[in-house]
Amino acid sequence: SVLSRYENQITILSDYLEEFPETDEPVWILGRQHHLNTDKSKLLLDISARLWFTYRRKFSPIGGTGPSSDAGWGCMLRCGQMMLAQALICRHLGRDWQWEKHKKQPEEYHRILRCFLDRKDCCYSIHQMAQMGVGEGKSIGEWFGPNTVAQVLKKLALFDEWNSLAVYVSMDNTVVIEDIKKMCWSPPQSSSAAHSSAHLHRSALGRNKNAAGFCTGWKPLLLIIPLRLGINHINPVYIDAFKECFKMPQSLGALGGKPNNAYYFIGFLGNELIYLDPHTTQSFVDSEENGTVDDQSFHCQQAPHRMKIMNLDPSVALGFFCKEECDFDNWCSLVQKEILKQQSLRMFELVQKHPPHWPPFIPPTKPEVTTTGAELIESTDKLFEVEEEFEILSV
């Protein structure tokens, strides 16, 4: 009953959503510029097209005996889901895809949604994320930080054959171009891996196979950069560079918020950040018999929340998606031009070569297992053994 009252309180509080002010300043949403005076409706359509993941209740207990709601602890996991979902939308439907209520959507859209349903057999469900977080030192029901959720997404993506993402999480505020290109061009390591992926729609990935049957080509990149932009408060020197990230066409926004209160930041207006708020508790939604999902509750259909940038907790994680190598090369050019132009207190570093004092970079691979599908994630001991040898978590 206490949890029920808490959930109801969250739902009531979240019903208040502030309208945008009248202003000539442009609004930036995930690499797209909007003008409130001329195309406010397009802005709201763009925002409502983002997949919105919130607290849910009445799903099957996590781990069989764990919680059946993530209210009060799952907000950063939901924000991580939103960032990843935006990458998958760009991957399959394109950044300019729009969602409209009651309009028939392509199969890829419903398949993306099914990846995030609150079921243990969905690859990016709250169940899989919470259980994978145990390996990162977080017990089920414990709050995650931005870096922890990034590490969890990196591990879960190894089991996702359909989307076939290369997930790179930067260490020590440093993005290494050489390592990313090595990972994104890395072929499968065994013929058994290639064989097991055949039934998972590998042909839909738009890549070619060479004579040996291996897939060749650039694996779409999800780049996550965990950062600390100050000690107790965000340092004002980082604000302009932080805002520039939302202007980049590769932008997936940022994970962050306030202590124990996570938000998914998708853009800005002046010195205010625009974000989707996961702190609304909705009932569990499952897929229909035909595979479609009743998606009304997965899109925020009101003006989103805003907060002043200076109120942001300094612990954040930036996200970017590069479908092709040319997208990544363009991102590197933009970073050099817009982020690294200041010589003092750079937000992060972009270097060409792997630092010699770091352990060797080994592209992460899925461990050999005897089962297929999302259920294999429940047994992750071998995965952690593989990654322990070379992974250093960023602080």
# chains A, B, ... in the order shown; residues from 1 in each chain; ligands from 1
$ select_by_dssp --residues "stretch 67-283 of chain A" --states "strand (DSSP E)" --output "PyMOL selection string"
chain A and resi 166-169+174-176+208-209+215-216+221-228+251-258+261-269+272-276+281-283
$ residues_around --residues "stretch 64-70 of chain A" --least-positions-apart "4" --cutoff "12 Å" --atoms "only C-alpha atoms" --output "PyMOL selection string"
chain A and resi 3-4+6-7+53-60+74-78+118-120+125-127+129-131+139-143+278-284+378
$ write_last_selection --atoms "N, CA, C and O atoms" --output "compact mmCIF listing (two decimals), in the first residue's frame"
# COMPACT_ATOMS: atom_id res chain seq x y z
N LEU A 3 3.84 1.52 -1.42
CA LEU A 3 4.32 1.65 -2.80
C LEU A 3 3.23 2.20 -3.70
O LEU A 3 3.47 3.05 -4.56
N SER A 4 2.01 1.74 -3.49
CA SER A 4 0.89 2.20 -4.32
C SER A 4 0.68 3.70 -4.16
O SER A 4 0.49 4.42 -5.15
N TYR A 6 2.90 5.83 -3.26
CA TYR A 6 4.08 6.49 -3.84
C TYR A 6 3.94 6.59 -5.35
O TYR A 6 4.18 7.63 -5.94
N GLU A 7 3.50 5.50 -5.98
CA GLU A 7 3.31 5.49 -7.42
C GLU A 7 2.25 6.51 -7.85
O GLU A 7 2.44 7.24 -8.82
N PHE A 53 10.20 5.90 -22.04
CA PHE A 53 10.11 4.78 -21.10
C PHE A 53 10.03 5.32 -19.68
O PHE A 53 10.84 6.17 -19.28
N THR A 54 9.06 4.83 -18.94
CA THR A 54 8.81 5.30 -17.58
C THR A 54 8.79 4.11 -16.62
O THR A 54 8.89 2.96 -17.02
N TYR A 55 8.67 4.44 -15.35
CA TYR A 55 8.39 3.39 -14.37
C TYR A 55 7.18 2.57 -14.83
O TYR A 55 6.23 3.10 -15.41
N ARG A 56 7.21 1.28 -14.53
CA ARG A 56 6.06 0.41 -14.81
C ARG A 56 5.77 -0.42 -13.56
O ARG A 56 6.63 -0.63 -12.72
N ARG A 57 4.55 -0.92 -13.48
CA ARG A 57 4.15 -1.79 -12.38
C ARG A 57 3.44 -3.01 -12.94
O ARG A 57 2.98 -3.01 -14.08
N LYS A 58 3.37 -4.04 -12.13
CA LYS A 58 2.65 -5.27 -12.45
C LYS A 58 3.31 -6.07 -13.57
O LYS A 58 2.63 -6.77 -14.31
N PHE A 59 4.64 -5.94 -13.71
CA PHE A 59 5.32 -6.87 -14.61
C PHE A 59 5.79 -8.08 -13.81
O PHE A 59 5.71 -8.09 -12.57
N SER A 60 6.23 -9.14 -14.49
CA SER A 60 6.66 -10.34 -13.79
C SER A 60 7.85 -10.02 -12.90
O SER A 60 8.73 -9.22 -13.28
N GLY A 74 14.25 2.74 -10.77
CA GLY A 74 14.62 2.39 -12.14
C GLY A 74 14.75 3.56 -13.10
O GLY A 74 14.86 3.34 -14.32
N CYS A 75 14.80 4.81 -12.60
CA CYS A 75 14.74 5.95 -13.53
C CYS A 75 15.95 6.02 -14.46
O CYS A 75 15.80 6.30 -15.65
N MET A 76 17.16 5.75 -13.95
CA MET A 76 18.33 5.81 -14.84
C MET A 76 18.32 4.66 -15.84
O MET A 76 18.77 4.83 -16.99
N LEU A 77 17.81 3.51 -15.44
CA LEU A 77 17.68 2.40 -16.39
C LEU A 77 16.71 2.78 -17.51
O LEU A 77 16.96 2.48 -18.68
N ARG A 78 15.61 3.43 -17.16
CA ARG A 78 14.65 3.87 -18.17
C ARG A 78 15.28 4.92 -19.10
O ARG A 78 15.02 4.91 -20.31
N ASP A 118 8.77 -5.07 -20.64
CA ASP A 118 9.18 -5.48 -19.29
C ASP A 118 8.99 -6.99 -19.11
O ASP A 118 8.18 -7.45 -18.31
N ARG A 119 9.78 -7.75 -19.86
CA ARG A 119 9.77 -9.21 -19.80
C ARG A 119 11.20 -9.71 -19.77
O ARG A 119 12.09 -9.11 -20.38
N LYS A 120 11.42 -10.82 -19.09
CA LYS A 120 12.78 -11.32 -18.95
C LYS A 120 13.38 -11.77 -20.27
O LYS A 120 14.61 -11.86 -20.41
N SER A 125 15.10 -5.27 -21.60
CA SER A 125 14.05 -5.08 -20.60
C SER A 125 14.65 -4.61 -19.27
O SER A 125 15.85 -4.71 -19.02
N ILE A 126 13.77 -4.11 -18.41
CA ILE A 126 14.20 -3.73 -17.06
C ILE A 126 14.76 -4.94 -16.33
O ILE A 126 15.68 -4.84 -15.52
N HIS A 127 14.24 -6.15 -16.66
CA HIS A 127 14.73 -7.38 -16.05
C HIS A 127 16.19 -7.62 -16.41
O HIS A 127 17.04 -7.88 -15.54
N MET A 129 18.40 -5.49 -17.66
CA MET A 129 19.29 -4.41 -17.22
C MET A 129 19.59 -4.52 -15.73
O MET A 129 20.73 -4.36 -15.29
N ALA A 130 18.55 -4.79 -14.94
CA ALA A 130 18.75 -4.90 -13.49
C ALA A 130 19.65 -6.09 -13.15
O ALA A 130 20.54 -5.98 -12.29
N GLN A 131 19.43 -7.22 -13.84
CA GLN A 131 20.24 -8.40 -13.53
C GLN A 131 21.67 -8.25 -14.03
O GLN A 131 22.61 -8.70 -13.38
N SER A 139 23.01 -4.10 -6.76
CA SER A 139 21.98 -5.09 -6.46
C SER A 139 20.67 -4.68 -7.11
O SER A 139 20.45 -3.50 -7.41
N ILE A 140 19.79 -5.65 -7.36
CA ILE A 140 18.50 -5.36 -7.99
C ILE A 140 17.68 -4.43 -7.09
O ILE A 140 17.51 -4.70 -5.90
N GLY A 141 17.20 -3.34 -7.66
CA GLY A 141 16.47 -2.34 -6.88
C GLY A 141 17.35 -1.19 -6.44
O GLY A 141 16.85 -0.22 -5.86
N GLU A 142 18.66 -1.25 -6.75
CA GLU A 142 19.57 -0.17 -6.38
C GLU A 142 19.65 0.82 -7.54
O GLU A 142 19.59 0.44 -8.71
N TRP A 143 19.84 2.10 -7.21
CA TRP A 143 19.88 3.15 -8.21
C TRP A 143 21.18 3.10 -9.00
O TRP A 143 22.26 2.89 -8.44
N PRO A 278 11.20 10.03 -16.73
CA PRO A 278 10.68 8.67 -16.51
C PRO A 278 9.85 8.51 -15.25
O PRO A 278 9.32 7.42 -14.99
N HIS A 279 9.69 9.56 -14.45
CA HIS A 279 9.06 9.45 -13.14
C HIS A 279 7.53 9.50 -13.21
O HIS A 279 6.87 10.27 -12.51
N THR A 280 6.97 8.68 -14.06
CA THR A 280 5.54 8.44 -14.11
C THR A 280 5.35 6.93 -14.09
O THR A 280 6.03 6.22 -14.83
N THR A 281 4.49 6.41 -13.24
CA THR A 281 4.30 4.96 -13.14
C THR A 281 3.10 4.53 -13.96
O THR A 281 1.98 4.97 -13.72
N GLN A 282 3.35 3.68 -14.95
CA GLN A 282 2.29 3.16 -15.81
C GLN A 282 2.23 1.64 -15.66
O GLN A 282 3.16 1.02 -15.15
N SER A 283 1.15 1.05 -16.11
CA SER A 283 0.99 -0.40 -16.02
C SER A 283 1.77 -1.10 -17.12
O SER A 283 1.99 -0.54 -18.21
N PHE A 284 2.19 -2.31 -16.84
CA PHE A 284 2.91 -3.15 -17.79
C PHE A 284 2.11 -3.33 -19.08
O PHE A 284 0.90 -3.54 -19.05
N GLU A 378 20.68 -14.52 -18.84
CA GLU A 378 20.53 -14.84 -17.42
C GLU A 378 21.77 -15.53 -16.87
O GLU A 378 22.00 -15.58 -15.67
$ closest_atom_pairs --of "stretch 2-115 of chain A" --to "stretch 243-249 of chain A" --cutoff "7 Å" --atoms "only C-alpha atoms" --output "Markdown table"
| residue | atom | partner | partner_atom | distance |
| --- | --- | --- | --- | --- |
| A:Trp28 | CA | A:Lys247 | CA | 6.3 |
| A:Ile29 | CA | A:Phe246 | CA | 6.6 |
| A:Leu30 | CA | A:Phe246 | CA | 5.3 |
| A:Gly31 | CA | A:Pro249 | CA | 4.2 |
| A:Arg32 | CA | A:Lys247 | CA | 6.7 |
$ write_last_selection --atoms "C-alpha atoms" --output "short mmCIF file (atom, residue, chain, number, x, y, z; two decimals), in the first residue's frame"
data_model
loop_
_atom_site.label_atom_id
_atom_site.label_comp_id
_atom_site.auth_asym_id
_atom_site.auth_seq_id
_atom_site.Cartn_x
_atom_site.Cartn_y
_atom_site.Cartn_z
CA TRP A 28 17.63 22.12 -30.57
CA ILE A 29 16.37 18.54 -30.31
CA LEU A 30 18.84 15.71 -31.04
CA GLY A 31 20.61 17.48 -33.89
CA ARG A 32 17.55 19.22 -35.34
#
$ residues_around --residues "A:Arg91" --least-positions-apart "5" --cutoff "8 Å" --atoms "only C-alpha atoms" --output "ChimeraX atom specification"
/A:163,220,323
$ closest_atom_pairs --of "stretch 85-190 of chain A" --to "stretch 224-228 of chain A" --cutoff "9 Å" --atoms "only C-alpha atoms" --output "JSON lines"
{"residue": "A:Pro146", "atom": "CA", "partner": "A:Pro226", "partner_atom": "CA", "distance": 6.7}
{"residue": "A:Asn147", "atom": "CA", "partner": "A:Pro226", "partner_atom": "CA", "distance": 5.5}
{"residue": "A:Ala150", "atom": "CA", "partner": "A:Ile224", "partner_atom": "CA", "distance": 6.7}
{"residue": "A:Val167", "atom": "CA", "partner": "A:Ile224", "partner_atom": "CA", "distance": 7.6}
{"residue": "A:Tyr168", "atom": "CA", "partner": "A:Ile224", "partner_atom": "CA", "distance": 6.2}
{"residue": "A:Val169", "atom": "CA", "partner": "A:Ile224", "partner_atom": "CA", "distance": 4.9}
{"residue": "A:Ser170", "atom": "CA", "partner": "A:Ile225", "partner_atom": "CA", "distance": 5.2}
{"residue": "A:Met171", "atom": "CA", "partner": "A:Pro226", "partner_atom": "CA", "distance": 7.8}
{"residue": "A:Asp172", "atom": "CA", "partner": "A:Leu227", "partner_atom": "CA", "distance": 8.4}
{"residue": "A:Asn173", "atom": "CA", "partner": "A:Leu227", "partner_atom": "CA", "distance": 6.2}
{"residue": "A:Thr174", "atom": "CA", "partner": "A:Ile225", "partner_atom": "CA", "distance": 8.2}
{"residue": "A:Val175", "atom": "CA", "partner": "A:Ile225", "partner_atom": "CA", "distance": 7.8}
$ write_last_selection --atoms "N, CA, C and O atoms" --output "tab-separated table (two decimals), in the first residue's frame"
chain	number	residue	atom	x	y	z
A	146	PRO	N	25.01	7.19	-14.41
A	146	PRO	CA	25.13	7.18	-15.88
A	146	PRO	C	26.16	6.20	-16.41
A	146	PRO	O	25.92	5.51	-17.41
A	147	ASN	N	27.33	6.10	-15.75
A	147	ASN	CA	28.36	5.20	-16.24
A	147	ASN	C	27.94	3.74	-16.09
A	147	ASN	O	28.19	2.91	-16.98
A	150	ALA	N	25.60	2.74	-18.80
A	150	ALA	CA	26.33	2.62	-20.06
A	150	ALA	C	27.05	1.28	-20.16
A	150	ALA	O	27.03	0.62	-21.20
A	167	VAL	N	28.99	-1.01	-29.25
A	167	VAL	CA	28.81	-0.03	-28.17
A	167	VAL	C	30.17	0.28	-27.56
A	167	VAL	O	30.85	-0.59	-27.04
A	168	TYR	N	30.55	1.52	-27.64
A	168	TYR	CA	31.83	1.98	-27.10
A	168	TYR	C	31.56	2.94	-25.96
A	168	TYR	O	30.87	3.96	-26.15
A	169	VAL	N	32.06	2.61	-24.78
A	169	VAL	CA	31.94	3.49	-23.61
A	169	VAL	C	33.33	4.03	-23.31
A	169	VAL	O	34.26	3.27	-23.03
A	170	SER	N	33.49	5.33	-23.40
A	170	SER	CA	34.82	5.92	-23.23
A	170	SER	C	35.32	5.79	-21.80
A	170	SER	O	34.53	5.69	-20.85
A	171	MET	N	36.64	5.76	-21.66
A	171	MET	CA	37.27	5.68	-20.34
A	171	MET	C	38.09	6.95	-20.11
A	171	MET	O	38.65	7.52	-21.05
A	172	ASP	N	38.14	7.38	-18.86
A	172	ASP	CA	38.99	8.51	-18.47
A	172	ASP	C	38.77	9.74	-19.35
A	172	ASP	O	39.72	10.42	-19.75
A	173	ASN	N	37.50	10.01	-19.70
A	173	ASN	CA	37.15	11.19	-20.50
A	173	ASN	C	37.88	11.22	-21.85
A	173	ASN	O	38.13	12.30	-22.40
A	174	THR	N	38.20	10.04	-22.39
A	174	THR	CA	38.98	9.97	-23.63
A	174	THR	C	38.32	9.04	-24.62
A	174	THR	O	38.01	7.89	-24.31
A	175	VAL	N	38.09	9.55	-25.84
A	175	VAL	CA	37.57	8.75	-26.95
A	175	VAL	C	38.73	8.43	-27.89
A	175	VAL	O	39.42	9.35	-28.36
$ residues_around --residues "A:Lys258" --least-positions-apart "4" --cutoff "10 Å" --atoms "only C-alpha atoms" --output "PyMOL selection string"
chain A and resi 262-263+311-316
$ closest_residue --among "A:Leu117, A:Met347, A:Val27, A:Met83" --to "A:Val293" --atoms "only C-alpha atoms"
A:Leu117
$ residues_around --residues "A:Lys182" --least-positions-apart "2" --cutoff "12 Å" --atoms "only C-alpha atoms" --output "PyMOL selection string"
chain A and resi 166+168+176-180+184-187+217-219+221+325+352-354+360-364
$ write_last_selection --atoms "C-alpha atoms" --output "PDB file, in the first residue's frame"
ATOM      1  CA  ALA A 166      29.065  -1.748 -31.570  1.00  0.00           C
ATOM      2  CA  TYR A 168      31.831   1.978 -27.103  1.00  0.00           C
ATOM      3  CA  VAL A 176      40.081   6.711 -28.962  1.00  0.00           C
ATOM      4  CA  ILE A 177      39.451   6.786 -32.722  1.00  0.00           C
ATOM      5  CA  GLU A 178      41.698   3.779 -33.406  1.00  0.00           C
ATOM      6  CA  ASP A 179      39.807   1.571 -30.921  1.00  0.00           C
ATOM      7  CA  ILE A 180      36.390   2.546 -32.264  1.00  0.00           C
ATOM      8  CA  CYS A 184      33.258  -1.329 -35.731  1.00  0.00           C
ATOM      9  CA  TRP A 185      35.178  -3.158 -38.459  1.00  0.00           C
ATOM     10  CA  SER A 186      35.761  -6.288 -36.361  1.00  0.00           C
ATOM     11  CA  PRO A 187      34.317  -9.451 -38.023  1.00  0.00           C
ATOM     12  CA  GLY A 217      31.266  -3.619 -43.167  1.00  0.00           C
ATOM     13  CA  TRP A 218      30.879  -1.002 -40.478  1.00  0.00           C
ATOM     14  CA  LYS A 219      28.855  -2.045 -37.438  1.00  0.00           C
ATOM     15  CA  LEU A 221      28.196   2.656 -33.461  1.00  0.00           C
ATOM     16  CA  GLU A 325      31.889   5.285 -40.864  1.00  0.00           C
ATOM     17  CA  GLN A 352      43.814   9.100 -32.732  1.00  0.00           C
ATOM     18  CA  LYS A 353      45.914   6.336 -31.176  1.00  0.00           C
ATOM     19  CA  HIS A 354      45.350   3.979 -28.237  1.00  0.00           C
ATOM     20  CA  PRO A 360      45.480  -3.434 -25.033  1.00  0.00           C
ATOM     21  CA  PHE A 361      42.077  -2.816 -26.581  1.00  0.00           C
ATOM     22  CA  ILE A 362      40.167  -6.019 -27.372  1.00  0.00           C
ATOM     23  CA  PRO A 363      36.773  -5.601 -29.078  1.00  0.00           C
ATOM     24  CA  PRO A 364      34.191  -7.255 -26.795  1.00  0.00           C
TER      25      PRO A 364
END
$ select_by_dssp --residues "stretch 98-261 of chain A" --states "alpha helix (DSSP H)" --output "ChimeraX atom specification"
/A:107-114,126-134,146-156,177-184,191-197,239-247
$ closest_residue --among "A:Tyr275, A:Tyr124, A:Trp52, A:Tyr238" --to "A:Lys155" --atoms "only C-alpha atoms"
A:Tyr124
$ closest_residue --among "A:Ala254, A:Ala71, A:Ala317, A:Leu93" --to "A:Phe268" --atoms "only C-alpha atoms"
A:Ala254
$ residues_around --residues "A:Ile239" --least-positions-apart "2" --cutoff "10 Å" --atoms "only C-alpha atoms" --output "list in words"
Leu229, Ile234, Asn235, Pro236, Val237, Ala241, Phe242, Lys243, Glu244, Asn271, Ile309, Met310 and Met347 of chain A
